[in-house]
>>> print(open('upload-v2.txt').read())   # compact mmCIF, C-alpha atoms and all ligand atoms
# COMPACT_ATOMS: atom_id res chain seq x y z
CA MET A 1 92.48 105.84 127.83
CA LEU A 2 94.06 105.21 124.43
CA GLU A 3 91.46 103.69 122.08
CA VAL A 4 93.19 101.39 119.63
CA LEU A 5 91.96 100.02 116.30
CA VAL A 6 93.98 97.04 115.03
CA LEU A 7 94.17 96.23 111.29
CA VAL A 8 94.96 92.64 110.31
CA SER A 9 95.13 90.32 107.30
CA GLY A 10 96.07 86.90 108.64
CA GLY A 11 96.71 84.76 111.69
CA GLY A 12 96.73 87.65 114.12
CA THR A 13 99.44 86.49 116.52
CA ASN A 14 100.53 90.09 116.97
CA LEU A 15 96.92 91.07 117.67
CA GLN A 16 96.85 88.27 120.26
CA ALA A 17 100.04 89.57 121.88
CA VAL A 18 98.46 93.01 122.22
CA ILE A 19 95.17 91.60 123.57
CA ASP A 20 97.08 89.50 126.14
CA ALA A 21 99.23 92.44 127.20
CA VAL A 22 96.18 94.68 127.68
CA GLU A 23 94.29 91.96 129.58
CA SER A 24 97.25 91.19 131.85
CA GLY A 25 97.94 94.86 132.54
CA THR A 26 101.39 94.82 130.90
CA VAL A 27 100.00 97.49 128.58
CA THR A 28 98.20 100.18 130.55
CA ASN A 29 95.81 103.02 129.77
CA THR A 30 94.72 101.20 126.59
CA ARG A 31 91.53 99.69 125.19
CA ILE A 32 91.32 97.74 121.92
CA THR A 33 88.04 99.03 120.51
CA GLY A 34 88.03 97.28 117.15
CA VAL A 35 89.66 95.06 114.57
CA ILE A 36 89.40 95.49 110.80
CA SER A 37 90.50 92.76 108.38
CA ASN A 38 90.70 92.85 104.59
CA ASN A 39 90.36 89.06 104.62
CA LYS A 40 87.15 87.47 105.88
CA ASN A 41 88.98 84.20 106.58
CA ALA A 42 91.67 85.78 108.74
CA TYR A 43 92.02 83.85 112.00
CA ALA A 44 92.64 87.23 113.62
CA LEU A 45 88.87 87.84 113.38
CA GLU A 46 88.25 84.74 115.53
CA ARG A 47 90.71 86.04 118.09
CA ALA A 48 88.83 89.37 118.24
CA LYS A 49 85.51 87.57 118.65
CA LYS A 50 86.84 85.37 121.46
CA HIS A 51 87.82 88.49 123.39
CA GLY A 52 84.60 90.40 122.72
CA ILE A 53 86.23 92.94 120.41
CA ALA A 54 84.06 94.40 117.63
CA SER A 55 85.35 93.62 114.14
CA ARG A 56 84.54 94.04 110.49
CA CYS A 57 85.91 92.97 107.15
CA ILE A 58 86.46 95.34 104.23
CA SER A 59 88.42 94.24 101.18
CA PRO A 60 89.59 96.03 98.00
CA LYS A 61 88.05 93.06 96.14
CA GLU A 62 84.55 94.32 97.03
CA PHE A 63 85.06 97.58 95.12
CA ALA A 64 85.26 98.53 91.46
CA SER A 65 88.35 100.71 91.97
CA ARG A 66 91.08 101.32 94.53
CA GLU A 67 89.84 104.91 94.92
CA GLU A 68 86.40 103.66 95.90
CA PHE A 69 87.91 101.17 98.38
CA ASN A 70 90.16 103.85 99.89
CA GLU A 71 87.20 106.14 100.48
CA LYS A 72 85.07 103.43 102.15
CA PHE A 73 88.05 102.11 104.08
CA ILE A 74 88.79 105.52 105.60
CA GLU A 75 85.09 105.87 106.47
CA ALA A 76 85.23 102.48 108.21
CA VAL A 77 88.32 103.50 110.18
CA ASP A 78 86.88 106.93 111.08
CA ALA A 79 83.73 105.28 112.45
CA TRP A 80 85.85 103.91 115.31
CA LYS A 81 87.32 107.34 116.12
CA PRO A 82 90.61 105.64 117.06
CA ASP A 83 93.38 107.39 118.98
CA LEU A 84 95.89 104.91 117.55
CA ILE A 85 95.76 102.56 114.56
CA VAL A 86 97.96 99.46 114.78
CA LEU A 87 98.93 97.60 111.61
CA ALA A 88 99.46 94.04 112.87
CA GLY A 89 100.31 92.13 109.71
CA PHE A 90 97.98 94.28 107.58
CA LEU A 91 98.93 93.78 103.95
CA VAL A 92 96.88 96.48 102.21
CA VAL A 93 98.55 99.78 101.22
CA ILE A 94 97.27 102.55 103.51
CA PRO A 95 95.60 105.35 101.51
CA PRO A 96 97.71 108.57 101.53
CA ALA A 97 94.69 110.56 102.76
CA MET A 98 94.51 108.31 105.81
CA ILE A 99 98.23 108.73 106.55
CA GLU A 100 97.78 112.51 106.39
CA LYS A 101 94.70 112.41 108.62
CA TYR A 102 96.28 110.11 111.23
CA ARG A 103 99.85 111.48 111.11
CA ASN A 104 101.95 109.81 113.85
CA ARG A 105 98.88 107.90 115.00
CA ILE A 106 99.41 104.80 112.84
CA ILE A 107 102.08 102.26 113.82
CA ASN A 108 103.27 99.15 111.98
CA ILE A 109 105.17 96.04 113.04
CA HIS A 110 107.73 94.90 110.46
CA PRO A 111 109.65 91.62 110.82
CA SER A 112 113.17 92.96 110.18
CA LEU A 113 115.61 95.52 111.54
CA ILE A 114 114.66 98.44 109.27
CA PRO A 115 116.34 99.63 106.99
CA SER A 116 117.33 96.02 106.20
CA PHE A 117 114.87 93.78 104.36
CA CYS A 118 112.02 96.26 104.11
CA GLY A 119 110.11 98.22 101.48
CA THR A 120 107.97 97.02 98.61
CA GLY A 121 107.79 93.24 98.33
CA PHE A 122 109.23 92.57 101.80
CA TYR A 123 106.45 91.12 103.93
CA GLY A 124 105.81 87.98 105.93
CA LEU A 125 107.98 84.98 105.09
CA LYS A 126 109.68 86.81 102.19
CA VAL A 127 111.58 88.94 104.69
CA HIS A 128 113.07 85.86 106.37
CA GLU A 129 113.83 84.17 103.04
CA ALA A 130 115.80 87.26 102.00
CA ALA A 131 117.67 87.44 105.31
CA LEU A 132 118.72 83.79 105.10
CA ALA A 133 119.67 84.18 101.40
CA ARG A 134 121.94 87.11 102.36
CA GLY A 135 123.46 85.14 105.23
CA VAL A 136 123.00 87.78 107.92
CA LYS A 137 123.66 86.61 111.46
CA VAL A 138 121.30 88.97 113.27
CA VAL A 139 117.72 89.79 112.31
CA GLY A 140 114.86 91.27 114.33
CA ALA A 141 111.73 93.39 114.24
CA THR A 142 110.80 97.08 114.15
CA VAL A 143 107.79 99.11 115.26
CA HIS A 144 107.52 102.41 113.41
CA PHE A 145 105.08 105.19 112.65
CA VAL A 146 103.60 104.96 109.17
CA ASP A 147 104.40 107.69 106.69
CA GLU A 148 103.90 107.94 102.92
CA GLY A 149 106.78 105.55 102.13
CA THR A 150 106.89 101.78 102.60
CA ASP A 151 108.50 101.07 105.99
CA THR A 152 110.13 104.53 106.04
CA GLY A 153 108.42 106.21 109.00
CA PRO A 154 110.00 107.15 112.35
CA ILE A 155 111.30 104.09 114.22
CA ILE A 156 109.88 103.64 117.72
CA LEU A 157 111.39 100.32 118.90
CA GLN A 158 113.61 97.59 117.47
CA LYS A 159 114.74 94.24 118.88
CA ALA A 160 117.48 92.00 117.53
CA VAL A 161 117.25 88.20 117.21
CA GLU A 162 120.09 85.79 116.38
CA VAL A 163 120.03 83.60 113.28
CA GLU A 164 120.89 80.00 114.18
CA PRO A 165 122.53 77.29 112.07
CA GLY A 166 119.96 75.29 110.11
CA ASP A 167 117.27 78.00 110.31
CA THR A 168 114.54 77.79 107.67
CA PRO A 169 112.45 80.88 106.84
CA ALA A 170 109.54 79.48 108.88
CA VAL A 171 111.71 78.68 111.91
CA LEU A 172 113.32 82.12 111.78
CA GLN A 173 109.93 83.81 111.36
CA LYS A 174 108.65 82.09 114.51
CA ARG A 175 111.72 83.07 116.54
CA VAL A 176 111.46 86.71 115.40
CA MET A 177 107.79 86.76 116.38
CA GLU A 178 108.37 85.16 119.79
CA GLN A 179 111.52 87.03 120.76
CA ALA A 180 110.85 90.40 119.15
CA GLU A 181 107.46 91.19 117.56
CA TRP A 182 105.19 90.00 120.36
CA LYS A 183 107.28 92.02 122.84
CA ILE A 184 107.94 95.32 121.09
CA LEU A 185 104.47 95.84 119.60
CA PRO A 186 102.71 95.83 123.01
CA GLN A 187 105.61 97.80 124.49
CA ALA A 188 105.30 100.52 121.83
CA ILE A 189 101.55 100.79 122.45
CA ASP A 190 102.16 101.11 126.20
CA LEU A 191 104.71 103.88 125.62
CA ILE A 192 102.31 105.77 123.34
CA ALA A 193 99.37 105.26 125.70
CA ASN A 194 101.39 106.78 128.50
CA GLY A 195 102.53 109.81 126.49
CA LYS A 196 106.15 108.73 126.28
CA VAL A 197 106.66 108.93 122.50
CA SER A 198 106.98 112.07 120.43
CA VAL A 199 108.24 112.75 116.92
CA GLN A 200 110.93 115.39 116.56
CA ASP A 201 112.71 116.20 113.29
CA GLY A 202 111.22 113.09 111.69
CA LYS A 203 112.49 110.77 114.43
CA ALA A 204 110.59 109.09 117.23
CA VAL A 205 111.91 110.07 120.65
CA ILE A 206 111.12 108.07 123.79
CA CYS A 207 111.04 109.92 127.12
CA LEU A 208 110.86 107.53 130.06
C1 LIG B 1 104.11 89.41 111.18
O1 LIG B 1 105.34 88.72 111.15
C2 LIG B 1 104.32 90.87 110.82
O2 LIG B 1 105.52 91.39 111.30
C3 LIG B 1 104.33 90.79 109.31
O3 LIG B 1 103.28 89.88 109.01
C4 LIG B 1 103.17 88.92 110.08
C5 LIG B 1 101.74 88.84 110.53
O4 LIG B 1 101.56 87.80 111.45
N1 LIG B 1 104.13 92.07 108.72
C6 LIG B 1 104.73 92.44 107.60
O5 LIG B 1 105.47 91.73 106.95
C7 LIG B 1 104.42 93.88 107.16
N2 LIG B 1 105.36 94.32 106.16
P1 LIG B 1 100.33 87.77 112.44
O6 LIG B 1 99.06 87.93 111.59
O7 LIG B 1 100.41 86.41 113.07
O8 LIG B 1 100.48 88.88 113.45
>>> encode(input="upload-v2.txt", output="structure tokens")
Amino acid sequence: MLEVLVLVSGGGTNLQAVIDAVESGTVTNTRITGVISNNKNAYALERAKKHGIASRCISPKEFASREEFNEKFIEAVDAWKPDLIVLAGFLVVIPPAMIEKYRNRIINIHPSLIPSFCGTGFYGLKVHEAALARGVKVVGATVHFVDEGTDTGPIILQKAVEVEPGDTPAVLQKRVMEQAEWKILPQAIDLIANGKVSVQDGKAVICL
């Protein structure tokens, strides 16, 4: 059974998609054992509570330095002994020591087709604003393993979504979530839980 710890910062719709997929049996061999938020007001924490999932909040704001936060944050994560850590809209930079410790055991959902519209400064609505400003006709989402770069780790799954005339960033964001994020994040977890993903030569390989 894959024990999953989900890290969140906001609304938690991706967390909800994973919870629903585990509860309905679409994702197998998986248990969500905990949720950590850096934001005590994140609605994601309510979602965890409603489904009986243990949660805690730990924020860089509570610490005198980033080093101190990083140390306590890793301790908090370690306490769960997770097999897989899922970044579901988690907006805090992951400490390098944690990436090293959990190599190929941390995945992230990003709301674009990497390598487009990703990297530092591209998160949430900003990604969709940039895509519309560039006038691309196809956008999408990516699930990838987390490495030391920003959105540079091995790509596990991607799904494309069409831009439609009159789209606003918020409308496009919702379509990307509905048509791509909420599907490929649970799907990636299911693949990992069932031993179907490996990393070879820096690339994720799926064996069905
Ligand atoms: C999602 O769109 C996710 O892809 C994005 O934040 C949103 C969180 O929504 N993540 C990033 O931009 C990471 N670079 P949610 O809290 O409703 O799941």
>>> closest_residue(input="upload-v2.txt", among="A:Glu100, A:Glu46, A:Glu62, A:Asp78", to="ligand LIG 1 (chain B)", atoms="only C-alpha atoms and all ligand atoms")
A:Glu46
>>> axis_aligned_box(input="upload-v2.txt", around="ligand LIG 1 (chain B)", padding_each_side="5 Å", output="JSON")
{"center_x": 102.3, "center_y": 90.4, "center_z": 109.8, "size_x": 16.5, "size_y": 17.9, "size_z": 17.3}
>>> closest_residue(input="upload-v2.txt", among="A:Ala97, A:Ile74, A:Ala88, A:Cys207", to="ligand LIG 1 (chain B)", atoms="all atoms listed in the file")
A:Ala88
>>> residues_near_ligand(input="upload-v2.txt", ligand="ligand LIG 1 (chain B)", cutoff="9 Å", atoms="all atoms listed in the file", output="JSON, numbers by chain")
{"A": [8, 9, 10, 11, 12, 13, 14, 15, 16, 17, 42, 43, 44, 87, 88, 89, 90, 91, 108, 109, 110, 111, 112, 118, 119, 120, 121, 122, 123, 124, 125, 126, 127, 141, 142, 143, 150, 151, 173, 174, 176, 177, 181, 182]}
>>> residues_around(input="upload-v2.txt", residues="Thr26 (chain A)", least_positions_apart="3", cutoff="9 Å", atoms="all atoms listed in the file", output="ChimeraX atom specification")
/A:20-23,186-187,190
>>> closest_residue(input="upload-v2.txt", among="A:Thr168, A:Asn38, A:Ser24, A:Asn104", to="Ile192 (chain A)", atoms="only C-alpha atoms")
A:Asn104
>>> closest_residue(input="upload-v2.txt", among="A:Leu113, A:Leu157, A:Val6, A:Ile206", to="Val86 (chain A)", atoms="all atoms listed in the file")
A:Val6
>>> closest_residue(input="upload-v2.txt", among="A:Leu5, A:Ala180, A:Ile155, A:Val199", to="Ile114 (chain A)", atoms="all atoms listed in the file")
A:Ile155
>>> closest_residue(input="upload-v2.txt", among="A:Lys203, A:Lys72, A:Lys81, A:Lys40", to="His144 (chain A)", atoms="all atoms listed in the file")
A:Lys203
>>> atom_distance(input="upload-v2.txt", atom1="CA of Leu84 (chain A)", atom2="CA of Arg105 (chain A)")
4.9 Å
>>> residues_around(input="upload-v2.txt", residues="Arg103 (chain A)", least_positions_apart="2", cutoff="9 Å", atoms="all atoms listed in the file", output="PyMOL selection string")
chain A and resi 98-101+105-106+145-147
>>> residues_around(input="upload-v2.txt", residues="Pro82 (chain A)", least_positions_apart="3", cutoff="7 Å", atoms="only C-alpha atoms", output="ChimeraX atom specification")
/A:3-5,85
>>> atom_distance(input="upload-v2.txt", atom1="CA of Leu191 (chain A)", atom2="CA of Gly153 (chain A)")
17.2 Å
>>> atom_distance(input="upload-v2.txt", atom1="CA of Arg31 (chain A)", atom2="CA of Ala188 (chain A)")
14.2 Å
>>> residues_around(input="upload-v2.txt", residues="Leu208 (chain A)", least_positions_apart="6", cutoff="10 Å", atoms="all atoms listed in the file", output="ChimeraX atom specification")
/A:191,194-197
